[in-house]
There are 2 protein chains.
Amino acid sequence: MPDITLRQLRYFSTLSGVLQYREAARQLGISQPSLSQQIALLEEAVGARLVERRRSGLILTPAGRDVTQRAERILGEVHALKEAARPAGDTLTGTLRLGASPTVGPYLLPRVLRHLHQEHPDLRLVIRDGTPRALLEDLLAGRHDLILAQLPLPEDEVRVRPLFREDLRLAVARDHPIARAERVTASDLVGEDMLALSASYGLHRQMMSLAAEAGAVLRADFEGTSLDAVRQMVALGMGVSILPALYVWSEVARRDADVVCVPLRPAATREVGLAWRIGSGTPPAYRRLADVIRARIDADFSDLVTVLG
Amino acid sequence: MPDITLRQLRYFSTLSGVLQYREAARQLGISQPSLSQQIALLEEAVGARLVERRRSGLILTPAGRDVTQRAERILGEVHALKEAARPAGDTLTGTLRLGASPTVGPYLLPRVLRHLHQEHPDLRLVIRDGTPRALLEDLLAGRHDLILAQLPLPEDEVRVRPLFREDLRLAVARDHPIARAERVTASDLVGEDMLALSASYGLHRQMMSLAAEAGAVLRADFEGTSLDAVRQMVALGMGVSILPALYVWSEVARRDADVVCVPLRPAATREVGLAWRIGSGTPPAYRRLADVIRARIDADFSDLVTVLG
DNA sequence: AAATAGTATAGGAATAAACTATACAATATT
DNA sequence: AATATTGTATAGTTTATTCCTATACTATTT
């Protein structure tokens, strides 16, 4: 029992429309015997007669009518497969799995996604959180296509597209003396307790080095697993910490905020980028995506951050 | 740009499950290079990379994931096509187009269909009415697969399966003298006006010959196009007519019936059968269908009709 | 009875798919 | 650091499939 082939379905679909071998073969650009043969093979493969050969032309059997419908549906889906797989000319399409750092995604993606969906309705993003360390591992293992994370990332393992640089602010409780300052310098921090994110975050390193420079003391009894957690500890007077400007803008910049954020002098910054595996399937699409994100950041947050690239 | 083949989709589906060429090739029972080649052809056909070849195993690209899903769906439908087309072992399946004579179908099919649907849930019958003449023409032209009609049918053009024989009754108005008779013989009809169905019905011929034998007068100013029309004319006293027992049972055998039906002596009968084109695709299925109909008639109407075959 | 039209069959040529052998790339081992 | 080891790609050849031409067969027309 030979297998069905798409060729047979294509031929049969044409034949069932025309109901004449000669004409169908002509339309298909093959000879009539070739068509006869393929139809015979199809009938053998499905184990049923599909056409009755009669004086007055061909008649489809009930099975033939059924096969016609199914064949055309199948052919349509094959066509769709072909179209869908090809990276479309100007729009992003398909499903991309994006891993996002919790220190970036929640404050950046909501605005980006809205626009992205308008401009590229056929693009679906599956977004999953993870610590930068886990993101990188998942990316390399193929569980993500892209990750959005703080730079630097190991450029020998992933291809990076920088997106933007944002300032870091010092966060203090509202009743802390620094809260009234215009800006903060390293000397203001001598002896302060500093609360840090867990070491799997890029910000951890920066918090560490800033604390070291300024003579602040990193509290060993606390390690935040989210910016929100850090902020809440700051609000409770457990110490000071560092928060990125975009987070401040979206979560802190309100009258009734529980912490106060002050610019640092000299400014401390972090960079955020989009990354994918070297040799990954569709870098052009990824670059386009990066461009779209950048454009959106530029439009919405240009007073807060510096777009890179 | 070569065409996609089902073979490629089958191979790719296996590969995307196993994520290893060697193992996938082994499962497929082919050599690894053959698999490589077919996957390469598929990638060329869809115009996109589907897998990333990496040290730590294969990773599907976004397009690859999409193609996997679509391919498996397509393969499933191809499988279903194969299953659906093959005349199933014990149940009737598919869509059959049944042409039914208005003198048989409406009074027989309702009961048959209910059972048929229970016993063969995958069988769909598309039923269309038509005069026997039109039925035969439509059958031969392939617009029907089967017809249910009064016999005889031209056995050189169609294959016939007789189903049953039923008595014909004389129908008269309630106030007609014959209405009180136990039975009617030819001599009772001398001079009566007789109402006939149109000549395209099998019953027409029998009405004619009965009228001739009995000395009744066929009314030339009336030609019914349905048994109901004939019955209504009889009720209005326009004449007498002949109605088949099954029709009588389902439409007349009530207290308040507008006509009275009396058995004929000697009995007149008609035969009804199922027919299909000679050389038609699936005679076994048709024979099975005929058997089912017969069994149902036997169960429901054995006191009214004689099952044939 | 011959001609015409339409499909099936036969046999050989072209194409596609399979296999074996081997190259190549990357990681793991010594 | 050199050498196995593992896994995929490429080359060259063989086998299967698909196609074509030629022709047989059947039913209808002339």
# chains A, B, ... in the order shown; residues from 1 in each chain; ligands from 1
$ closest_atom_pairs --of "chain B" --to "chain C" --cutoff "9 Å" --atoms "only C-alpha atoms (C1' of nucleotides)" --output "JSON lines"
{"residue": "B:Ile30", "atom": "CA", "partner": "C:DA18", "partner_atom": "C1'", "distance": 7.9}
{"residue": "B:Ser31", "atom": "CA", "partner": "C:DC19", "partner_atom": "C1'", "distance": 7.2}
{"residue": "B:Pro33", "atom": "CA", "partner": "C:DC19", "partner_atom": "C1'", "distance": 8.7}
{"residue": "B:Ser34", "atom": "CA", "partner": "C:DA18", "partner_atom": "C1'", "distance": 6.6}
{"residue": "B:Gln38", "atom": "CA", "partner": "C:DA17", "partner_atom": "C1'", "distance": 8.8}
{"residue": "B:Arg54", "atom": "CA", "partner": "C:DA26", "partner_atom": "C1'", "distance": 8.9}
{"residue": "B:Arg55", "atom": "CA", "partner": "C:DA26", "partner_atom": "C1'", "distance": 6.3}
$ interface_residues --of "chain D" --to "chain A" --cutoff "9 Å" --atoms "only C-alpha atoms (C1' of nucleotides)" --output "list of chain:residue names"
D:DT18, D:DC19, D:DC20, D:DA27, D:DT28
$ interface_residues --of "chain A" --to "chain B" --cutoff "8 Å" --atoms "only C-alpha atoms" --output "number ranges by chain"
A: 4-7, 45-52, 56, 59-64, 66-67, 70-71, 74, 77-78, 81-87, 94-96, 141-142, 145, 279-282
$ atom_distance --atom1 "CA of Arg169 (chain A)" --atom2 "CA of Val248 (chain A)"
8.0 Å
$ atom_distance --atom1 "CA of Val240 (chain B)" --atom2 "CA of Ala173 (chain B)"
7.4 Å
$ select_by_dssp --residues "region 28-102 of chain B" --states "strand (DSSP E)" --output "VMD selection string"
chain B and resid 51 to 54 57 to 60 94 to 100
$ decode --residues "region 5-17 of chain C" --atoms "N, CA and C atoms (P, O5', C5', C4', C3', O3' and C1' of nucleotides)" --output "PDB file, in the first residue's frame"
ATOM      1  P    DA C   5     -12.755  14.206 -32.937  1.00  0.00           P
ATOM      2  O5'  DA C   5     -12.997  13.507 -31.531  1.00  0.00           O
ATOM      3  C5'  DA C   5     -14.335  13.320 -31.079  1.00  0.00           C
ATOM      4  C4'  DA C   5     -14.301  12.678 -29.707  1.00  0.00           C
ATOM      5  C3'  DA C   5     -13.238  13.264 -28.774  1.00  0.00           C
ATOM      6  O3'  DA C   5     -13.832  13.450 -27.494  1.00  0.00           O
ATOM      7  C1'  DA C   5     -12.939  10.928 -28.968  1.00  0.00           C
ATOM      8  P    DG C   6     -13.011  14.078 -26.290  1.00  0.00           P
ATOM      9  O5'  DG C   6     -12.682  12.768 -25.465  1.00  0.00           O
ATOM     10  C5'  DG C   6     -13.771  12.025 -24.901  1.00  0.00           C
ATOM     11  C4'  DG C   6     -13.198  10.885 -24.105  1.00  0.00           C
ATOM     12  C3'  DG C   6     -12.028  11.296 -23.207  1.00  0.00           C
ATOM     13  O3'  DG C   6     -12.216  10.750 -21.913  1.00  0.00           O
ATOM     14  C1'  DG C   6     -11.401   9.498 -24.564  1.00  0.00           C
ATOM     15  P    DT C   7     -11.272  11.113 -20.721  1.00  0.00           P
ATOM     16  O5'  DT C   7     -10.632   9.676 -20.455  1.00  0.00           O
ATOM     17  C5'  DT C   7     -11.497   8.601 -20.137  1.00  0.00           C
ATOM     18  C4'  DT C   7     -10.743   7.297 -20.123  1.00  0.00           C
ATOM     19  C3'  DT C   7      -9.552   7.230 -19.160  1.00  0.00           C
ATOM     20  O3'  DT C   7      -9.704   6.081 -18.333  1.00  0.00           O
ATOM     21  C1'  DT C   7      -8.927   6.474 -21.310  1.00  0.00           C
ATOM     22  P    DA C   8      -8.597   5.606 -17.370  1.00  0.00           P
ATOM     23  O5'  DA C   8      -7.878   4.449 -18.202  1.00  0.00           O
ATOM     24  C5'  DA C   8      -8.623   3.299 -18.574  1.00  0.00           C
ATOM     25  C4'  DA C   8      -7.696   2.216 -19.107  1.00  0.00           C
ATOM     26  C3'  DA C   8      -6.522   1.848 -18.203  1.00  0.00           C
ATOM     27  O3'  DA C   8      -6.390   0.431 -18.205  1.00  0.00           O
ATOM     28  C1'  DA C   8      -5.708   2.594 -20.305  1.00  0.00           C
ATOM     29  P    DT C   9      -5.262  -0.277 -17.388  1.00  0.00           P
ATOM     30  O5'  DT C   9      -4.096  -0.503 -18.454  1.00  0.00           O
ATOM     31  C5'  DT C   9      -4.375  -1.252 -19.634  1.00  0.00           C
ATOM     32  C4'  DT C   9      -3.104  -1.397 -20.461  1.00  0.00           C
ATOM     33  C3'  DT C   9      -1.843  -1.773 -19.675  1.00  0.00           C
ATOM     34  O3'  DT C   9      -1.176  -2.801 -20.394  1.00  0.00           O
ATOM     35  C1'  DT C   9      -1.417   0.119 -20.978  1.00  0.00           C
ATOM     36  P    DA C  10       0.009  -3.602 -19.712  1.00  0.00           P
ATOM     37  O5'  DA C  10       1.200  -3.393 -20.756  1.00  0.00           O
ATOM     38  C5'  DA C  10       0.926  -2.858 -22.059  1.00  0.00           C
ATOM     39  C4'  DA C  10       2.234  -2.623 -22.801  1.00  0.00           C
ATOM     40  C3'  DA C  10       3.506  -3.038 -22.075  1.00  0.00           C
ATOM     41  O3'  DA C  10       4.473  -3.414 -23.044  1.00  0.00           O
ATOM     42  C1'  DA C  10       3.517  -0.709 -22.338  1.00  0.00           C
ATOM     43  P    DG C  11       5.854  -4.017 -22.604  1.00  0.00           P
ATOM     44  O5'  DG C  11       6.888  -2.864 -22.946  1.00  0.00           O
ATOM     45  C5'  DG C  11       6.895  -2.296 -24.267  1.00  0.00           C
ATOM     46  C4'  DG C  11       7.920  -1.173 -24.311  1.00  0.00           C
ATOM     47  C3'  DG C  11       9.202  -1.465 -23.529  1.00  0.00           C
ATOM     48  O3'  DG C  11      10.299  -0.885 -24.231  1.00  0.00           O
ATOM     49  C1'  DG C  11       8.204   0.466 -22.651  1.00  0.00           C
ATOM     50  P    DG C  12      11.764  -1.139 -23.743  1.00  0.00           P
ATOM     51  O5'  DG C  12      12.389   0.321 -23.872  1.00  0.00           O
ATOM     52  C5'  DG C  12      12.014   1.166 -24.965  1.00  0.00           C
ATOM     53  C4'  DG C  12      12.241   2.618 -24.559  1.00  0.00           C
ATOM     54  C3'  DG C  12      13.602   2.885 -23.917  1.00  0.00           C
ATOM     55  O3'  DG C  12      14.084   4.147 -24.372  1.00  0.00           O
ATOM     56  C1'  DG C  12      11.902   3.559 -22.445  1.00  0.00           C
ATOM     57  P    DA C  13      15.498   4.661 -23.910  1.00  0.00           P
ATOM     58  O5'  DA C  13      15.137   6.057 -23.238  1.00  0.00           O
ATOM     59  C5'  DA C  13      14.402   7.033 -23.986  1.00  0.00           C
ATOM     60  C4'  DA C  13      14.209   8.272 -23.134  1.00  0.00           C
ATOM     61  C3'  DA C  13      15.481   8.834 -22.505  1.00  0.00           C
ATOM     62  O3'  DA C  13      15.397  10.249 -22.509  1.00  0.00           O
ATOM     63  C1'  DA C  13      13.970   8.227 -20.797  1.00  0.00           C
ATOM     64  P    DA C  14      16.531  11.163 -21.901  1.00  0.00           P
ATOM     65  O5'  DA C  14      15.875  11.689 -20.551  1.00  0.00           O
ATOM     66  C5'  DA C  14      14.646  12.405 -20.625  1.00  0.00           C
ATOM     67  C4'  DA C  14      14.178  12.752 -19.232  1.00  0.00           C
ATOM     68  C3'  DA C  14      15.191  13.502 -18.356  1.00  0.00           C
ATOM     69  O3'  DA C  14      14.502  14.555 -17.708  1.00  0.00           O
ATOM     70  C1'  DA C  14      14.438  11.573 -17.236  1.00  0.00           C
ATOM     71  P    DT C  15      15.292  15.647 -16.838  1.00  0.00           P
ATOM     72  O5'  DT C  15      14.793  15.280 -15.365  1.00  0.00           O
ATOM     73  C5'  DT C  15      13.432  14.856 -15.208  1.00  0.00           C
ATOM     74  C4'  DT C  15      13.120  14.501 -13.776  1.00  0.00           C
ATOM     75  C3'  DT C  15      13.918  15.215 -12.701  1.00  0.00           C
ATOM     76  O3'  DT C  15      12.977  15.653 -11.746  1.00  0.00           O
ATOM     77  C1'  DT C  15      14.067  12.871 -12.383  1.00  0.00           C
ATOM     78  P    DA C  16      13.406  16.459 -10.425  1.00  0.00           P
ATOM     79  O5'  DA C  16      13.286  15.316  -9.329  1.00  0.00           O
ATOM     80  C5'  DA C  16      12.125  14.487  -9.344  1.00  0.00           C
ATOM     81  C4'  DA C  16      12.204  13.461  -8.240  1.00  0.00           C
ATOM     82  C3'  DA C  16      12.769  13.975  -6.921  1.00  0.00           C
ATOM     83  O3'  DA C  16      11.966  13.410  -5.900  1.00  0.00           O
ATOM     84  C1'  DA C  16      14.070  12.148  -7.668  1.00  0.00           C
ATOM     85  P    DA C  17      12.191  13.795  -4.374  1.00  0.00           P
ATOM     86  O5'  DA C  17      12.843  12.451  -3.803  1.00  0.00           O
ATOM     87  C5'  DA C  17      12.098  11.249  -3.930  1.00  0.00           C
ATOM     88  C4'  DA C  17      12.938  10.086  -3.453  1.00  0.00           C
ATOM     89  C3'  DA C  17      13.574  10.294  -2.077  1.00  0.00           C
ATOM     90  O3'  DA C  17      13.276   9.147  -1.288  1.00  0.00           O
ATOM     91  C1'  DA C  17      15.212   9.627  -3.639  1.00  0.00           C
TER      92       DA C  17
END
